[in-house]
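Pasted below: query19.pdb, PDB, C-alpha atoms.
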```pdb
ATOM      1  CA  MET A   1      17.589  53.935  49.458
ATOM      2  CA  LEU A   2      17.497  52.850  45.862
ATOM      3  CA  PRO A   3      14.155  53.037  44.071
ATOM      4  CA  ARG A   4      12.603  49.730  43.061
ATOM      5  CA  PRO A   5      12.566  49.054  39.331
ATOM      6  CA  ALA A   6       9.348  49.831  37.604
ATOM      7  CA  PRO A   7       7.116  46.802  36.861
ATOM      8  CA  ARG A   8       7.790  47.239  33.165
ATOM      9  CA  ALA A   9      11.547  47.077  33.762
ATOM     10  CA  ARG A  10      11.186  43.949  35.890
ATOM     11  CA  ALA A  11       9.124  42.359  33.164
ATOM     12  CA  ALA A  12      11.793  43.226  30.614
ATOM     13  CA  VAL A  13      14.469  41.633  32.748
ATOM     14  CA  ALA A  14      12.369  38.508  33.197
ATOM     15  CA  LEU A  15      11.714  38.305  29.465
ATOM     16  CA  ALA A  16      15.405  38.652  28.700
ATOM     17  CA  GLY A  17      16.199  35.863  31.128
ATOM     18  CA  LEU A  18      13.612  33.593  29.613
ATOM     19  CA  SER A  19      14.915  34.296  26.136
ATOM     20  CA  ALA A  20      18.416  33.426  27.241
ATOM     21  CA  LEU A  21      17.204  30.125  28.699
ATOM     22  CA  ILE A  22      15.378  29.247  25.502
ATOM     23  CA  ALA A  23      18.430  30.130  23.439
ATOM     24  CA  LEU A  24      20.550  27.882  25.639
ATOM     25  CA  ALA A  25      18.082  25.032  25.312
ATOM     26  CA  VAL A  26      17.981  25.068  21.557
ATOM     27  CA  ALA A  27      21.639  25.859  20.985
ATOM     28  CA  THR A  28      23.334  23.315  18.785
ATOM     29  CA  PRO A  29      26.876  22.037  19.156
ATOM     30  CA  ALA A  30      29.697  24.033  17.688
ATOM     31  CA  GLY A  31      30.908  22.866  14.341
ATOM     32  CA  ALA A  32      30.091  23.030  10.713
ATOM     33  CA  PHE A  33      26.436  22.214  11.294
ATOM     34  CA  GLY A  34      25.989  23.808  14.633
ATOM     35  CA  THR A  35      26.414  27.474  14.024
ATOM     36  CA  GLN A  36      25.448  28.176  10.452
ATOM     37  CA  ALA A  37      21.712  28.044  10.175
ATOM     38  CA  VAL A  38      20.834  29.752   6.953
ATOM     39  CA  GLY A  39      17.078  29.649   7.144
ATOM     40  CA  PRO A  40      14.011  27.623   7.977
ATOM     41  CA  THR A  41      13.265  24.352   6.315
ATOM     42  CA  PRO A  42      10.578  24.508   3.657
ATOM     43  CA  ALA A  43       7.157  24.674   5.193
ATOM     44  CA  ALA A  44       6.041  21.709   3.138
ATOM     45  CA  THR A  45       8.726  19.455   4.532
ATOM     46  CA  PRO A  46       6.973  16.448   6.036
ATOM     47  CA  ALA A  47       8.231  14.757   9.134
ATOM     48  CA  PRO A  48       7.066  11.792  11.157
ATOM     49  CA  VAL A  49       6.337  12.344  14.797
ATOM     50  CA  PRO A  50       4.510   9.304  16.053
ATOM     51  CA  THR A  51       4.546   9.738  19.771
ATOM     52  CA  GLY A  52       1.482   8.189  21.289
ATOM     53  CA  ALA A  53       2.859   4.670  21.612
ATOM     54  CA  VAL A  54       5.832   5.660  23.653
ATOM     55  CA  ALA A  55       5.755   7.412  26.972
ATOM     56  CA  PRO A  56       7.861  10.587  26.845
ATOM     57  CA  GLY A  57      10.100   9.385  29.628
ATOM     58  CA  VAL A  58      11.100   6.375  27.548
ATOM     59  CA  ILE A  59      12.346   8.413  24.622
ATOM     60  CA  THR A  60      15.996   9.374  24.755
ATOM     61  CA  GLY A  61      17.888  11.778  22.596
ATOM     62  CA  ALA A  62      19.598   9.922  19.759
ATOM     63  CA  THR A  63      23.368  10.123  19.916
ATOM     64  CA  PRO A  64      25.748  10.397  16.971
ATOM     65  CA  ALA A  65      26.616   7.111  15.333
ATOM     66  CA  SER A  66      29.870   5.438  16.265
ATOM     67  CA  PRO A  67      31.895   4.834  13.114
ATOM     68  CA  ILE A  68      32.869   1.258  12.354
ATOM     69  CA  PRO A  69      36.331   0.846  10.845
ATOM     70  CA  ALA A  70      35.581  -1.036   7.642
ATOM     71  CA  GLN A  71      35.995  -0.797   3.912
ATOM     72  CA  PRO A  72      32.646   0.244   2.421
ATOM     73  CA  ASP A  73      31.119  -1.716  -0.424
ATOM     74  CA  PHE A  74      28.455   0.825  -1.303
ATOM     75  CA  ALA A  75      27.554   1.608  -4.902
ATOM     76  CA  GLY A  76      30.019   4.462  -5.003
TER      77      GLY A  76
ATOM     78  CA  MET B  77      23.353  19.848  30.348
ATOM     79  CA  ARG B  78      22.367  20.657  26.820
ATOM     80  CA  ALA B  79      21.167  17.141  26.075
ATOM     81  CA  GLY B  80      19.249  17.063  29.296
ATOM     82  CA  THR B  81      17.604  20.353  28.550
ATOM     83  CA  ARG B  82      16.645  19.195  25.109
ATOM     84  CA  LEU B  83      15.178  16.023  26.517
ATOM     85  CA  LEU B  84      13.115  18.012  28.958
ATOM     86  CA  LEU B  85      11.851  20.140  26.129
ATOM     87  CA  ALA B  86      11.007  17.033  24.163
ATOM     88  CA  ALA B  87       9.116  15.575  27.077
ATOM     89  CA  ALA B  88       7.228  18.814  27.487
ATOM     90  CA  LEU B  89       6.292  19.019  23.828
ATOM     91  CA  LEU B  90       5.381  15.415  23.166
ATOM     92  CA  PRO B  91       1.837  15.555  24.556
ATOM     93  CA  ALA B  92       1.114  18.527  22.337
ATOM     94  CA  LEU B  93       2.587  16.808  19.315
ATOM     95  CA  SER B  94       0.520  13.686  19.749
ATOM     96  CA  GLY B  95      -2.579  15.782  19.272
ATOM     97  CA  CYS B  96      -1.460  17.453  16.083
ATOM     98  CA  ALA B  97      -3.398  17.308  12.887
ATOM     99  CA  ALA B  98      -2.650  14.626  10.351
ATOM    100  CA  GLY B  99       0.183  15.258   7.920
ATOM    101  CA  PRO B 100      -0.773  14.460   4.384
ATOM    102  CA  SER B 101       2.491  13.884   2.639
ATOM    103  CA  TRP B 102       4.842  11.859   4.803
ATOM    104  CA  GLU B 103       3.474   8.461   3.932
ATOM    105  CA  SER B 104       3.302   9.373   0.274
ATOM    106  CA  LEU B 105       7.071   9.554   0.265
ATOM    107  CA  LEU B 106       7.326   5.820   0.662
ATOM    108  CA  ALA B 107       7.936   4.291  -2.700
ATOM    109  CA  GLN B 108       5.809   1.261  -1.947
ATOM    110  CA  PRO B 109       3.760   1.837   1.169
ATOM    111  CA  SER B 110       2.293  -1.013   3.148
ATOM    112  CA  PRO B 111      -1.143  -2.297   2.191
ATOM    113  CA  PRO B 112      -3.910  -0.038   3.453
ATOM    114  CA  ALA B 113      -5.417  -0.864   6.797
ATOM    115  CA  ALA B 114      -8.980  -1.841   7.438
ATOM    116  CA  PRO B 115     -11.294   1.173   7.058
ATOM    117  CA  SER B 116     -12.337   1.064  10.694
ATOM    118  CA  GLN B 117      -8.765   1.674  11.757
ATOM    119  CA  ALA B 118      -7.824   4.212   9.154
ATOM    120  CA  ALA B 119      -8.413   7.187  11.392
ATOM    121  CA  THR B 120      -5.758   6.066  13.827
ATOM    122  CA  GLN B 121      -3.152   5.336  11.190
ATOM    123  CA  GLN B 122      -2.595   8.828   9.978
ATOM    124  CA  PRO B 123       0.849  10.158  10.685
ATOM    125  CA  VAL B 124       0.980  13.405  12.554
ATOM    126  CA  ARG B 125       2.867  16.538  11.769
ATOM    127  CA  PRO B 126       5.032  18.099  14.402
ATOM    128  CA  ALA B 127       4.271  21.450  15.873
ATOM    129  CA  ASP B 128       8.009  21.762  16.264
ATOM    130  CA  PRO B 129       9.984  20.261  13.377
ATOM    131  CA  GLY B 130      12.875  20.027  15.777
ATOM    132  CA  LEU B 131      11.406  16.802  17.082
ATOM    133  CA  SER B 132      11.101  15.377  13.670
ATOM    134  CA  ALA B 133      11.761  11.684  13.903
ATOM    135  CA  LEU B 134      11.724   8.738  16.221
ATOM    136  CA  ILE B 135      14.188   5.885  15.849
ATOM    137  CA  ALA B 136      13.584   2.319  16.998
ATOM    138  CA  THR B 137      16.773   0.442  17.830
ATOM    139  CA  LEU B 138      16.405  -3.309  18.082
ATOM    140  CA  PRO B 139      18.097  -4.777  21.160
ATOM    141  CA  ARG B 140      17.658  -8.293  19.817
ATOM    142  CA  THR B 141      16.458 -10.118  16.739
ATOM    143  CA  THR B 142      12.916  -8.907  16.262
ATOM    144  CA  GLU B 143       9.943 -10.073  14.259
ATOM    145  CA  VAL B 144       8.365  -7.337  12.199
ATOM    146  CA  LEU B 145       4.677  -7.896  11.672
ATOM    147  CA  SER B 146       2.423  -7.000   8.776
ATOM    148  CA  ARG B 147       0.107  -5.242  11.229
ATOM    149  CA  PRO B 148      -0.216  -5.117  15.014
ATOM    150  CA  ASP B 149      -0.664  -8.705  16.202
ATOM    151  CA  GLY B 150      -0.493  -9.791  12.558
ATOM    152  CA  GLY B 151       1.710 -12.227  10.698
ATOM    153  CA  VAL B 152       5.470 -12.055  10.505
ATOM    154  CA  LEU B 153       6.556  -9.852   7.636
ATOM    155  CA  ALA B 154      10.294  -9.929   8.272
ATOM    156  CA  VAL B 155      12.833 -10.810  10.893
ATOM    157  CA  GLN B 156      15.341  -8.074  11.614
ATOM    158  CA  ALA B 157      18.623  -8.825  13.295
ATOM    159  CA  SER B 158      19.884  -6.570  16.040
ATOM    160  CA  ARG B 159      22.850  -5.636  13.827
ATOM    161  CA  THR B 160      23.080  -4.627  10.206
ATOM    162  CA  GLU B 161      25.227  -6.524   7.747
ATOM    163  CA  LYS B 162      27.928  -3.976   8.466
ATOM    164  CA  GLY B 163      27.672  -4.551  12.210
ATOM    165  CA  SER B 164      25.843  -1.384  13.209
ATOM    166  CA  PRO B 165      23.030  -1.413  15.742
ATOM    167  CA  GLN B 166      19.819  -1.940  13.787
ATOM    168  CA  SER B 167      18.140   1.456  13.999
ATOM    169  CA  LEU B 168      14.912   1.857  12.059
ATOM    170  CA  LEU B 169      12.997   5.004  11.246
ATOM    171  CA  VAL B 170       9.591   5.088  12.928
ATOM    172  CA  LEU B 171       6.780   6.072  10.599
ATOM    173  CA  GLN B 172       3.651   5.684  12.651
ATOM    174  CA  GLN B 173       2.237   4.515  15.946
ATOM    175  CA  ARG B 174      -0.895   2.750  16.990
ATOM    176  CA  GLY B 175      -1.459   1.859  20.588
ATOM    177  CA  GLY B 176       1.635   0.080  21.839
ATOM    178  CA  TRP B 177       2.931  -0.552  18.345
ATOM    179  CA  LEU B 178       5.292   1.283  16.043
ATOM    180  CA  ARG B 179       5.411   1.040  12.283
ATOM    181  CA  VAL B 180       9.019   1.083  11.167
ATOM    182  CA  ALA B 181      10.589   1.467   7.761
ATOM    183  CA  LEU B 182      12.604  -1.542   6.653
ATOM    184  CA  PRO B 183      15.925  -1.265   4.865
ATOM    185  CA  GLY B 184      16.693  -2.902   1.552
ATOM    186  CA  ARG B 185      14.780  -4.070  -1.454
ATOM    187  CA  PRO B 186      12.066  -3.527  -2.350
ATOM    188  CA  HIS B 187      12.003   0.051  -1.200
ATOM    189  CA  GLY B 188       9.136   1.312   0.864
ATOM    190  CA  ARG B 189       8.560  -1.776   2.993
ATOM    191  CA  SER B 190       7.424  -1.226   6.532
ATOM    192  CA  GLY B 191       6.051  -3.288   9.359
ATOM    193  CA  TRP B 192       5.059  -3.177  12.993
ATOM    194  CA  VAL B 193       7.026  -3.854  16.148
ATOM    195  CA  ARG B 194       6.017  -3.591  19.766
ATOM    196  CA  ALA B 195       7.147  -0.296  21.228
ATOM    197  CA  ALA B 196       8.082  -2.068  24.438
ATOM    198  CA  ALA B 197      10.413  -4.393  22.535
ATOM    199  CA  VAL B 198      12.640  -1.664  21.101
ATOM    200  CA  GLU B 199      14.664   1.261  22.330
ATOM    201  CA  VAL B 200      13.164   4.522  21.138
ATOM    202  CA  SER B 201      15.138   7.697  20.619
ATOM    203  CA  ALA B 202      14.433  10.995  18.916
ATOM    204  CA  THR B 203      16.420  13.073  16.491
ATOM    205  CA  ASP B 204      15.829  16.401  14.852
ATOM    206  CA  TRP B 205      18.464  15.889  12.156
ATOM    207  CA  ARG B 206      17.231  15.446   8.633
ATOM    208  CA  LEU B 207      18.841  15.166   5.214
ATOM    209  CA  GLU B 208      17.181  15.988   1.924
ATOM    210  CA  VAL B 209      18.711  15.353  -1.468
ATOM    211  CA  SER B 210      17.521  16.913  -4.684
ATOM    212  CA  LEU B 211      18.822  14.810  -7.553
ATOM    213  CA  SER B 212      17.890  17.350 -10.203
ATOM    214  CA  GLN B 213      19.626  20.147  -8.326
ATOM    215  CA  ARG B 214      22.378  17.834  -7.105
ATOM    216  CA  ARG B 215      22.133  19.350  -3.696
ATOM    217  CA  LEU B 216      22.154  18.005  -0.154
ATOM    218  CA  THR B 217      20.255  19.991   2.447
ATOM    219  CA  VAL B 218      21.139  19.399   6.082
ATOM    220  CA  SER B 219      18.591  20.555   8.610
ATOM    221  CA  ARG B 220      18.085  20.296  12.298
ATOM    222  CA  GLY B 221      15.245  21.509  14.402
ATOM    223  CA  GLY B 222      13.516  23.172  11.500
ATOM    224  CA  LEU B 223      16.591  25.148  10.494
ATOM    225  CA  VAL B 224      18.729  24.519   7.473
ATOM    226  CA  TYR B 225      22.321  24.104   8.532
ATOM    227  CA  GLY B 226      23.875  23.688   5.162
ATOM    228  CA  GLU B 227      23.293  23.147   1.506
ATOM    229  CA  HIS B 228      26.009  21.239  -0.267
ATOM    230  CA  PRO B 229      26.616  20.111  -3.824
ATOM    231  CA  VAL B 230      26.460  16.372  -4.251
ATOM    232  CA  ALA B 231      27.375  13.865  -6.919
ATOM    233  CA  VAL B 232      24.446  11.614  -7.788
ATOM    234  CA  GLY B 233      23.990   8.466  -9.827
ATOM    235  CA  ALA B 234      24.731   8.526 -13.527
ATOM    236  CA  ALA B 235      21.876   8.159 -15.991
ATOM    237  CA  SER B 236      22.508   4.430 -16.308
ATOM    238  CA  THR B 237      22.847   3.912 -12.556
ATOM    239  CA  PRO B 238      20.413   6.388 -11.017
ATOM    240  CA  THR B 239      20.117   7.095  -7.334
ATOM    241  CA  PRO B 240      16.748   5.782  -6.126
ATOM    242  CA  THR B 241      14.207   8.212  -4.757
ATOM    243  CA  GLY B 242      12.060   7.938  -1.665
ATOM    244  CA  LEU B 243      12.220   8.157   2.070
ATOM    245  CA  PHE B 244      15.200   6.357   3.544
ATOM    246  CA  PHE B 245      17.334   6.503   6.656
ATOM    247  CA  VAL B 246      20.917   6.133   7.810
ATOM    248  CA  THR B 247      21.770   2.531   8.657
ATOM    249  CA  ASP B 248      25.548   2.581   9.092
ATOM    250  CA  LEU B 249      28.555   4.795   9.510
ATOM    251  CA  LEU B 250      31.818   3.344   8.269
ATOM    252  CA  ARG B 251      35.339   4.715   8.518
ATOM    253  CA  PRO B 252      37.392   3.399   5.609
ATOM    254  CA  PRO B 253      40.956   2.354   6.348
ATOM    255  CA  GLN B 254      42.220   4.829   3.753
ATOM    256  CA  SER B 255      40.693   8.258   4.280
ATOM    257  CA  GLY B 256      42.012   9.339   0.897
ATOM    258  CA  GLY B 257      40.228   6.576  -0.946
ATOM    259  CA  ALA B 258      37.153   6.578  -3.120
ATOM    260  CA  TYR B 259      34.821   6.849  -0.143
ATOM    261  CA  GLY B 260      36.708   9.612   1.623
ATOM    262  CA  PRO B 261      37.094   9.640   5.402
ATOM    263  CA  TYR B 262      33.557   8.464   6.209
ATOM    264  CA  ALA B 263      30.724   6.643   4.471
ATOM    265  CA  PHE B 264      27.144   6.494   5.657
ATOM    266  CA  GLY B 265      25.133   3.483   4.568
ATOM    267  CA  LEU B 266      21.522   4.229   3.723
ATOM    268  CA  SER B 267      18.474   1.981   3.742
ATOM    269  CA  ALA B 268      18.292   2.481  -0.029
ATOM    270  CA  PHE B 269      19.644   0.078  -2.615
ATOM    271  CA  SER B 270      20.252   0.654  -6.283
ATOM    272  CA  ASP B 271      17.498  -0.484  -8.611
ATOM    273  CA  VAL B 272      20.027  -1.514 -11.249
ATOM    274  CA  VAL B 273      23.308  -2.218  -9.486
ATOM    275  CA  THR B 274      22.914  -5.427  -7.497
ATOM    276  CA  SER B 275      26.584  -6.114  -6.920
ATOM    277  CA  PHE B 276      29.336  -3.624  -6.281
ATOM    278  CA  GLY B 277      32.665  -4.159  -4.602
ATOM    279  CA  GLY B 278      31.431  -7.252  -2.848
ATOM    280  CA  GLY B 279      28.260  -5.551  -1.655
ATOM    281  CA  ARG B 280      24.666  -5.716  -2.854
ATOM    282  CA  GLY B 281      24.397  -2.256  -4.313
ATOM    283  CA  GLN B 282      23.598  -0.405  -1.121
ATOM    284  CA  ILE B 283      23.469   3.342  -1.535
ATOM    285  CA  GLY B 284      25.945   5.314   0.504
ATOM    286  CA  LEU B 285      26.515   8.950   1.340
ATOM    287  CA  HIS B 286      30.228   9.448   1.506
ATOM    288  CA  GLY B 287      33.261  11.568   0.786
ATOM    289  CA  THR B 288      35.354  11.160  -2.301
ATOM    290  CA  ASN B 289      38.797  11.296  -3.817
ATOM    291  CA  ALA B 290      37.282  12.737  -6.973
ATOM    292  CA  PRO B 291      36.037  16.137  -5.852
ATOM    293  CA  ALA B 292      35.563  17.251  -9.422
ATOM    294  CA  SER B 293      32.688  14.797  -9.698
ATOM    295  CA  ILE B 294      30.696  16.577  -6.998
ATOM    296  CA  GLY B 295      27.781  18.372  -8.559
ATOM    297  CA  THR B 296      27.571  15.943 -11.452
ATOM    298  CA  ALA B 297      25.685  12.738 -12.202
ATOM    299  CA  ALA B 298      28.652  10.434 -12.111
ATOM    300  CA  SER B 299      28.269   7.741  -9.478
ATOM    301  CA  SER B 300      26.960   4.192  -9.501
ATOM    302  CA  GLY B 301      24.106   5.395  -7.336
ATOM    303  CA  CYS B 302      25.870   6.683  -4.242
ATOM    304  CA  LEU B 303      25.832  10.277  -3.084
ATOM    305  CA  ARG B 304      29.245  11.907  -2.898
ATOM    306  CA  ILE B 305      29.940  15.036  -0.918
ATOM    307  CA  ASP B 306      33.133  16.797  -0.024
ATOM    308  CA  ASN B 307      35.253  15.280   2.690
ATOM    309  CA  ASP B 308      34.890  18.140   5.155
ATOM    310  CA  THR B 309      31.119  17.929   4.976
ATOM    311  CA  VAL B 310      30.961  14.178   5.471
ATOM    312  CA  THR B 311      33.365  14.501   8.399
ATOM    313  CA  ALA B 312      31.128  17.095  10.031
ATOM    314  CA  LEU B 313      28.072  14.934   9.464
ATOM    315  CA  ALA B 314      29.840  11.906  10.910
ATOM    316  CA  GLU B 315      30.280  13.785  14.151
ATOM    317  CA  GLN B 316      26.580  14.571  14.430
ATOM    318  CA  LEU B 317      24.162  12.208  12.744
ATOM    319  CA  PRO B 318      22.612   9.308  14.618
ATOM    320  CA  LEU B 319      21.726   6.045  12.935
ATOM    321  CA  GLY B 320      18.132   6.219  11.794
ATOM    322  CA  THR B 321      18.349   9.828  10.629
ATOM    323  CA  PRO B 322      15.759  10.339   7.877
ATOM    324  CA  VAL B 323      17.088  10.891   4.380
ATOM    325  CA  GLU B 324      14.642  11.998   1.737
ATOM    326  CA  ILE B 325      15.853  11.665  -1.830
ATOM    327  CA  ARG B 326      13.764  13.502  -4.381
ATOM    328  CA  VAL B 327      13.965  14.000  -8.088
TER     329      VAL B 327
END
```
Rendering of file as structure tokens:
Amino acid sequence: MLPRPAPRARAAVALAGLSALIALAVATPAGAFGTQAVGPTPAATPAPVPTGAVAPGVITGATPASPIPAQPDFAG
Amino acid sequence: MRAGTRLLLAAALLPALSGCAAGPSWESLLAQPSPPAAPSQAATQQPVRPADPGLSALIATLPRTTEVLSRPDGGVLAVQASRTEKGSPQSLLVLQQRGGWLRVALPGRPHGRSGWVRAAAVEVSATDWRLEVSLSQRRLTVSRGGLVYGEHPVAVGAASTPTPTGLFFVTDLLRPPQSGGAYGPYAFGLSAFSDVVTSFGGGRGQIGLHGTNAPASIGTAASSGCLRIDNDTVTALAEQLPLGTPVEIRV
């Protein structure tokens, strides 16, 4: 009969599993901007997060823009 | 799977974010912020800072022509079509919320305009992408979820046709018919317009972020106001960025 893992070992396994899940959740798509994080954004970087007006279930994840075939007229 | 997981995380974090402390500097980025609110309402108008920068911006997409009000239940400040002049879905950066209202940044001149729309009247999405441009360093920083994913040299406006500064957002993504042309394979339209160039190539001087057929100009102050990056970088961005992505342009 095999001995049961020590509580500390079980905790380590659980922690490793949780870490893997978190890593999966925050993983970004492969590509030039998905795998090359070089560091945190500056701490002073401001960002708007107004959330109270919208129920969380109503907010969807924004999807990449669909390009429109057209000649730009921007101030190139 | 990944998108679903991220959405779950967002839903889990949103209640915590709504209780965050006020952020002091976001509104100051607007070149010409809206008139101050009545003192009795000031406490509820402060933007909040995220606990997790990964949920850094909300985007309001207009499903139909929408009146933008000067304040909740106030007068009509502007009428925004459901499509931009280029035909893109009208996706506006959300700056603030109050009750069932959202304050959105408006594209075009003058810079810094914003107004209020009913949250129930728009489609709200979230993005953690963010672009920052340093004109003095001629550098574009691409970040997502609080992590910098790239720093790229950029061509900025020449001294006589400077790139405007402030908080803007992506309004359009165009694919030129000739990928080897002046705009490269892709061109993002921004909510910014040149302060000096009011007509360019049939347009009204809208600022773009695009590729180029003059790579030697990247890293210099050479454009009519647009931001030029190398074609590989703009192609990678075109595959990722949603309309409404915040773009901060600083000196």
Going by the chain IDs and residue numbers used in this file, which residues fall under the PyMOL selection byres ((chain B and resi 153-166) around 10)? Write them as a PDB file with C-alpha atoms, keeping the file's coordinate frame.
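Final output, saved to result.pdb:
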```pdb
ATOM      1  CA  ALA A  65      26.616   7.111  15.333  1.00  0.00           C
ATOM      2  CA  SER A  66      29.870   5.438  16.265  1.00  0.00           C
ATOM      3  CA  PRO A  67      31.895   4.834  13.114  1.00  0.00           C
ATOM      4  CA  ILE A  68      32.869   1.258  12.354  1.00  0.00           C
ATOM      5  CA  PRO A  69      36.331   0.846  10.845  1.00  0.00           C
ATOM      6  CA  ALA A  70      35.581  -1.036   7.642  1.00  0.00           C
ATOM      7  CA  GLN A  71      35.995  -0.797   3.912  1.00  0.00           C
ATOM      8  CA  PRO A  72      32.646   0.244   2.421  1.00  0.00           C
ATOM      9  CA  ASP A  73      31.119  -1.716  -0.424  1.00  0.00           C
TER      10      ASP A  73
ATOM     11  CA  ILE B 135      14.188   5.885  15.849  1.00  0.00           C
ATOM     12  CA  ALA B 136      13.584   2.319  16.998  1.00  0.00           C
ATOM     13  CA  THR B 137      16.773   0.442  17.830  1.00  0.00           C
ATOM     14  CA  LEU B 138      16.405  -3.309  18.082  1.00  0.00           C
ATOM     15  CA  PRO B 139      18.097  -4.777  21.160  1.00  0.00           C
ATOM     16  CA  ARG B 140      17.658  -8.293  19.817  1.00  0.00           C
ATOM     17  CA  THR B 141      16.458 -10.118  16.739  1.00  0.00           C
ATOM     18  CA  THR B 142      12.916  -8.907  16.262  1.00  0.00           C
ATOM     19  CA  GLU B 143       9.943 -10.073  14.259  1.00  0.00           C
ATOM     20  CA  VAL B 144       8.365  -7.337  12.199  1.00  0.00           C
ATOM     21  CA  LEU B 145       4.677  -7.896  11.672  1.00  0.00           C
ATOM     22  CA  SER B 146       2.423  -7.000   8.776  1.00  0.00           C
ATOM     23  CA  ARG B 147       0.107  -5.242  11.229  1.00  0.00           C
ATOM     24  CA  GLY B 150      -0.493  -9.791  12.558  1.00  0.00           C
ATOM     25  CA  GLY B 151       1.710 -12.227  10.698  1.00  0.00           C
ATOM     26  CA  VAL B 152       5.470 -12.055  10.505  1.00  0.00           C
ATOM     27  CA  SER B 167      18.140   1.456  13.999  1.00  0.00           C
ATOM     28  CA  LEU B 168      14.912   1.857  12.059  1.00  0.00           C
ATOM     29  CA  LEU B 182      12.604  -1.542   6.653  1.00  0.00           C
ATOM     30  CA  PRO B 183      15.925  -1.265   4.865  1.00  0.00           C
ATOM     31  CA  ARG B 189       8.560  -1.776   2.993  1.00  0.00           C
ATOM     32  CA  SER B 190       7.424  -1.226   6.532  1.00  0.00           C
ATOM     33  CA  GLY B 191       6.051  -3.288   9.359  1.00  0.00           C
ATOM     34  CA  TRP B 192       5.059  -3.177  12.993  1.00  0.00           C
ATOM     35  CA  THR B 247      21.770   2.531   8.657  1.00  0.00           C
ATOM     36  CA  ASP B 248      25.548   2.581   9.092  1.00  0.00           C
ATOM     37  CA  LEU B 249      28.555   4.795   9.510  1.00  0.00           C
ATOM     38  CA  LEU B 250      31.818   3.344   8.269  1.00  0.00           C
ATOM     39  CA  GLY B 265      25.133   3.483   4.568  1.00  0.00           C
ATOM     40  CA  GLY B 279      28.260  -5.551  -1.655  1.00  0.00           C
ATOM     41  CA  LEU B 319      21.726   6.045  12.935  1.00  0.00           C
ATOM     42  CA  GLY B 320      18.132   6.219  11.794  1.00  0.00           C
TER      43      GLY B 320
END
```
Checklist entry - How many Å lie between atom CA of Cys302 of chain B and atom CA of Thr239 of chain B, rounded to one decimal? => result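 Separation of atom CA of Cys302 of chain B and atom CA of Thr239 of chain B: 6.5 Å.
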Any idea what the distance is between atom CA of Phe276 of chain B and atom CA of Ala258 of chain B?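 Computing the Euclidean distance for atom CA of Phe276 of chain B and atom CA of Ala258 of chain B yields 13.2 Å.
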> In Å, with one decimal, what is the gap from atom CA of Ala263 of chain B to atom CA of Leu285 of chain B?
Replying inline: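 Rounded to one decimal, the two atoms are 5.7 Å apart.
Minimum atom-to-atom distance to Ile59 of chain A, evaluated using all atoms listed in the file, belongs to B:Glu199 out of B:Asp149, B:Glu199, B:Asp306, B:Asp271.
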Legend entry - Expansion of the PyMOL selection byres ((chain B and resi 291-299) around 8) into residues, as a count of residues only: 22
Taking N, CA, C and O atoms as the atom set, what does segment 279-287 of chain B look like once completed, written as an mmCIF file, in the coordinates of the input?
```cif
data_model
loop_
_atom_site.group_PDB
_atom_site.id
_atom_site.type_symbol
_atom_site.label_atom_id
_atom_site.label_comp_id
_atom_site.auth_asym_id
_atom_site.auth_seq_id
_atom_site.Cartn_x
_atom_site.Cartn_y
_atom_site.Cartn_z
ATOM 1 N N GLY B 279 29.537 -5.852 -2.300
ATOM 2 C CA GLY B 279 28.260 -5.551 -1.655
ATOM 3 C C GLY B 279 27.090 -5.800 -2.592
ATOM 4 O O GLY B 279 27.261 -6.257 -3.731
ATOM 5 N N ARG B 280 25.893 -5.434 -2.101
ATOM 6 C CA ARG B 280 24.666 -5.716 -2.854
ATOM 7 C C ARG B 280 24.071 -4.473 -3.497
ATOM 8 O O ARG B 280 22.893 -4.440 -3.805
ATOM 9 N N GLY B 281 24.895 -3.471 -3.663
ATOM 10 C CA GLY B 281 24.397 -2.256 -4.313
ATOM 11 C C GLY B 281 23.739 -1.298 -3.363
ATOM 12 O O GLY B 281 22.863 -0.506 -3.756
ATOM 13 N N GLN B 282 24.153 -1.346 -2.099
ATOM 14 C CA GLN B 282 23.598 -0.405 -1.121
ATOM 15 C C GLN B 282 24.049 1.014 -1.458
ATOM 16 O O GLN B 282 25.187 1.251 -1.877
ATOM 17 N N ILE B 283 23.146 1.941 -1.272
ATOM 18 C CA ILE B 283 23.469 3.342 -1.535
ATOM 19 C C ILE B 283 24.156 3.934 -0.308
ATOM 20 O O ILE B 283 23.713 3.747 0.822
ATOM 21 N N GLY B 284 25.226 4.657 -0.572
ATOM 22 C CA GLY B 284 25.945 5.314 0.504
ATOM 23 C C GLY B 284 25.988 6.822 0.298
ATOM 24 O O GLY B 284 25.753 7.335 -0.804
ATOM 25 N N LEU B 285 26.245 7.505 1.375
ATOM 26 C CA LEU B 285 26.515 8.950 1.340
ATOM 27 C C LEU B 285 27.913 9.111 1.907
ATOM 28 O O LEU B 285 28.141 8.829 3.075
ATOM 29 N N HIS B 286 28.834 9.518 1.067
ATOM 30 C CA HIS B 286 30.228 9.448 1.506
ATOM 31 C C HIS B 286 31.072 10.560 0.887
ATOM 32 O O HIS B 286 30.627 11.274 -0.023
ATOM 33 N N GLY B 287 32.301 10.649 1.375
ATOM 34 C CA GLY B 287 33.261 11.568 0.786
ATOM 35 C C GLY B 287 33.804 10.997 -0.515
ATOM 36 O O GLY B 287 33.266 10.006 -1.047
#
```
